[in-house]
Each structure stands twice: as C-alpha cells, then as structure tokens.
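Written below as structure tokens is the structure these notes are about.
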Amino acid sequence: MSSRRSDLDLALVIVAVDDLAAAVRFWTELTGWVLTDDAPVYHEMRSPSGTRLGLYTREAFAENLGVAAAGLAAGPLMPAEVYLAAHDVAEAAARAERLGASVLAPAEVKPWGDTVAYVLAPGGFVVGFASPAPTSVALVPEAVAEPGAGI
C-alpha cells in the first residue's frame, strides 16, 4: 500500500434505482436513517456517523452522465455491495427480508473473521450486514484490502 496521504475522501454512495419510492421506503425502514434531501428524482439520507447514501432515479442518473438509461447496467443482481456494520447480523438480515429483500447468504463467519449475511435489496443491490471479529480493528482487515487479495 502507498504511504502517500490521499486528498480524497468518500463523500457519499449513490445508487440508481427503478422505483425511488420503494427504495426510499426500504432503506429508511431498514436503517432508520434520516432523509436529508428529497428532490423529485433524488433522495439522500445520513447515518448517525455521517455516512451518506443517495438514491437516484435511473433516468435522472443516466441523464446526469449523458447516457441513455438503457445503457446503465440492470439486472437481478448489480455488481456492487453496500456493507453495513450491524450488532446483530442475523436480525438485520431478517429485518431486510421483512422489508422485501431476498436472503442470498445467511450469517456466517467469513475467512477474514467478520460475521456477515448478504441480502439482495429491492433494485438489485447486494447488502452485506457485518459484525467484526472480536479481535478485528476494522470490518475489512488490511490484508483483504490489498490488491489481488480478494474477499
């Protein structure tokens, strides 16, 4: 890893969705996060730690990029994941399922030590609920974050 200090920081994660109202309902009921922006085509919420999640209509998202909405990847499972810290991984996955998600993998201890459950949220995004290993400092250890290490 580079020891160079980055001038970049993660501001927020934005996902494009087909049904904005359903996505807002799912994410706010799942997380309890407060909506901070509710424009007609974009809603944003903030976690207690300040992390921001934006939900954008697929059409408006594509328009901002200057591409046709049909050109955006779509399918039953998007190649992206929202990884959420959870005190009770199984309960968080069950709550997501009650809100319309499909369980992809029940809670289990992963090779990197975290207990993780995966669900498919409405809209096709994978959500991982994770509880760090008792001796872990972070949800994803340095070794996994190295290029080529893979999860």
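Ordered as shown in the structure tokens, chains take letters A, B, and onward, while each chain numbers its residues from 1 and ligands are numbered from 1 in the order shown.
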
| query | So which residues touch stretch 129-133 of chain A within 10 Å, counting only C-alpha atoms, skipping near sequence neighbours fewer than 4 positions away, as a ChimeraX atom specification? | reply | /A:82-93,96,106-110,112-119,137-141

Using only C-alpha atoms, which residues of stretch 39-59 of chain A come within 8 Å of stretch 6-29 of chain A, and what is the closest atom pair for each, with the distance in Å to one decimal? Give it as JSON lines, sorted by chain and residue number.
```
{"residue": "A:Val41", "atom": "CA", "partner": "A:Leu20", "partner_atom": "CA", "distance": 7.5}
{"residue": "A:Tyr42", "atom": "CA", "partner": "A:Leu20", "partner_atom": "CA", "distance": 7.8}
{"residue": "A:His43", "atom": "CA", "partner": "A:Val24", "partner_atom": "CA", "distance": 7.3}
{"residue": "A:Met45", "atom": "CA", "partner": "A:Thr28", "partner_atom": "CA", "distance": 7.9}
{"residue": "A:Thr51", "atom": "CA", "partner": "A:Leu12", "partner_atom": "CA", "distance": 6.5}
{"residue": "A:Arg52", "atom": "CA", "partner": "A:Leu12", "partner_atom": "CA", "distance": 4.7}
{"residue": "A:Leu53", "atom": "CA", "partner": "A:Val13", "partner_atom": "CA", "distance": 5.1}
{"residue": "A:Gly54", "atom": "CA", "partner": "A:Ile14", "partner_atom": "CA", "distance": 4.3}
{"residue": "A:Leu55", "atom": "CA", "partner": "A:Val15", "partner_atom": "CA", "distance": 5.2}
{"residue": "A:Tyr56", "atom": "CA", "partner": "A:Ala16", "partner_atom": "CA", "distance": 4.7}
{"residue": "A:Thr57", "atom": "CA", "partner": "A:Val17", "partner_atom": "CA", "distance": 5.2}
{"residue": "A:Arg58", "atom": "CA", "partner": "A:Ala16", "partner_atom": "CA", "distance": 4.7}
```

| task | Could you give me, as a ChimeraX atom specification, each residue of stretch 2-150 of chain A that DSSP assigns to alpha helix (DSSP H) when run on this structure's backbone? | result | /A:20-31,58-65,89-98,142-145

| request: Could you jot down the atom CA of A:Ala121 to atom CA of A:Ser47 separation for me, Å, one decimal place? | output: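 Separation between atom CA of A:Ala121 and atom CA of A:Ser47: 18.0 Å.
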
Run DSSP on the backbone of this structure and report the residues of stretch 23-130 of chain A it assigns to strand (DSSP E), as an mmCIF file with C-alpha atoms, in the first residue's frame.
```
data_model
loop_
_atom_site.group_PDB
_atom_site.id
_atom_site.type_symbol
_atom_site.label_atom_id
_atom_site.label_comp_id
_atom_site.auth_asym_id
_atom_site.auth_seq_id
_atom_site.Cartn_x
_atom_site.Cartn_y
_atom_site.Cartn_z
ATOM 1 C CA VAL A 34 -32.939 10.441 8.415
ATOM 2 C CA LEU A 35 -33.717 11.825 4.954
ATOM 3 C CA THR A 36 -31.707 14.994 4.360
ATOM 4 C CA ASP A 37 -32.656 15.653 0.730
ATOM 5 C CA ASP A 38 -35.889 14.737 -1.005
ATOM 6 C CA ALA A 39 -35.866 16.173 -4.522
ATOM 7 C CA TYR A 42 -33.099 12.076 -5.734
ATOM 8 C CA HIS A 43 -33.315 11.316 -2.031
ATOM 9 C CA GLU A 44 -30.396 11.278 0.383
ATOM 10 C CA MET A 45 -30.086 10.017 3.933
ATOM 11 C CA ARG A 46 -27.411 10.220 6.594
ATOM 12 C CA ARG A 52 -24.498 9.467 3.297
ATOM 13 C CA LEU A 53 -26.498 7.258 0.944
ATOM 14 C CA GLY A 54 -28.162 8.750 -2.125
ATOM 15 C CA LEU A 55 -30.961 7.158 -4.138
ATOM 16 C CA TYR A 56 -31.403 8.450 -7.684
ATOM 17 C CA THR A 57 -33.962 7.538 -10.313
ATOM 18 C CA GLU A 81 -22.424 -4.031 -2.445
ATOM 19 C CA VAL A 82 -23.413 -1.777 0.433
ATOM 20 C CA TYR A 83 -21.580 -3.162 3.505
ATOM 21 C CA LEU A 84 -23.290 -2.134 6.749
ATOM 22 C CA ALA A 85 -21.973 -2.640 10.273
ATOM 23 C CA SER A 102 -34.125 -11.737 -0.564
ATOM 24 C CA VAL A 103 -31.557 -13.539 1.571
ATOM 25 C CA LEU A 104 -28.535 -14.502 -0.528
ATOM 26 C CA ALA A 105 -26.433 -15.969 2.284
ATOM 27 C CA PRO A 106 -27.286 -16.352 5.972
ATOM 28 C CA ALA A 107 -24.991 -15.065 8.690
ATOM 29 C CA GLU A 108 -21.690 -16.918 8.898
ATOM 30 C CA VAL A 109 -18.127 -16.218 9.937
ATOM 31 C CA THR A 115 -19.723 -12.448 10.670
ATOM 32 C CA VAL A 116 -21.611 -11.476 7.507
ATOM 33 C CA ALA A 117 -25.056 -12.054 5.982
ATOM 34 C CA TYR A 118 -25.931 -10.981 2.448
ATOM 35 C CA VAL A 119 -29.313 -9.916 1.068
ATOM 36 C CA LEU A 120 -30.492 -8.678 -2.308
ATOM 37 C CA VAL A 126 -26.339 -6.566 -2.559
ATOM 38 C CA VAL A 127 -26.354 -5.517 1.090
ATOM 39 C CA GLY A 128 -23.878 -7.092 3.483
ATOM 40 C CA PHE A 129 -24.571 -6.893 7.205
ATOM 41 C CA ALA A 130 -21.327 -7.374 9.094
#
```
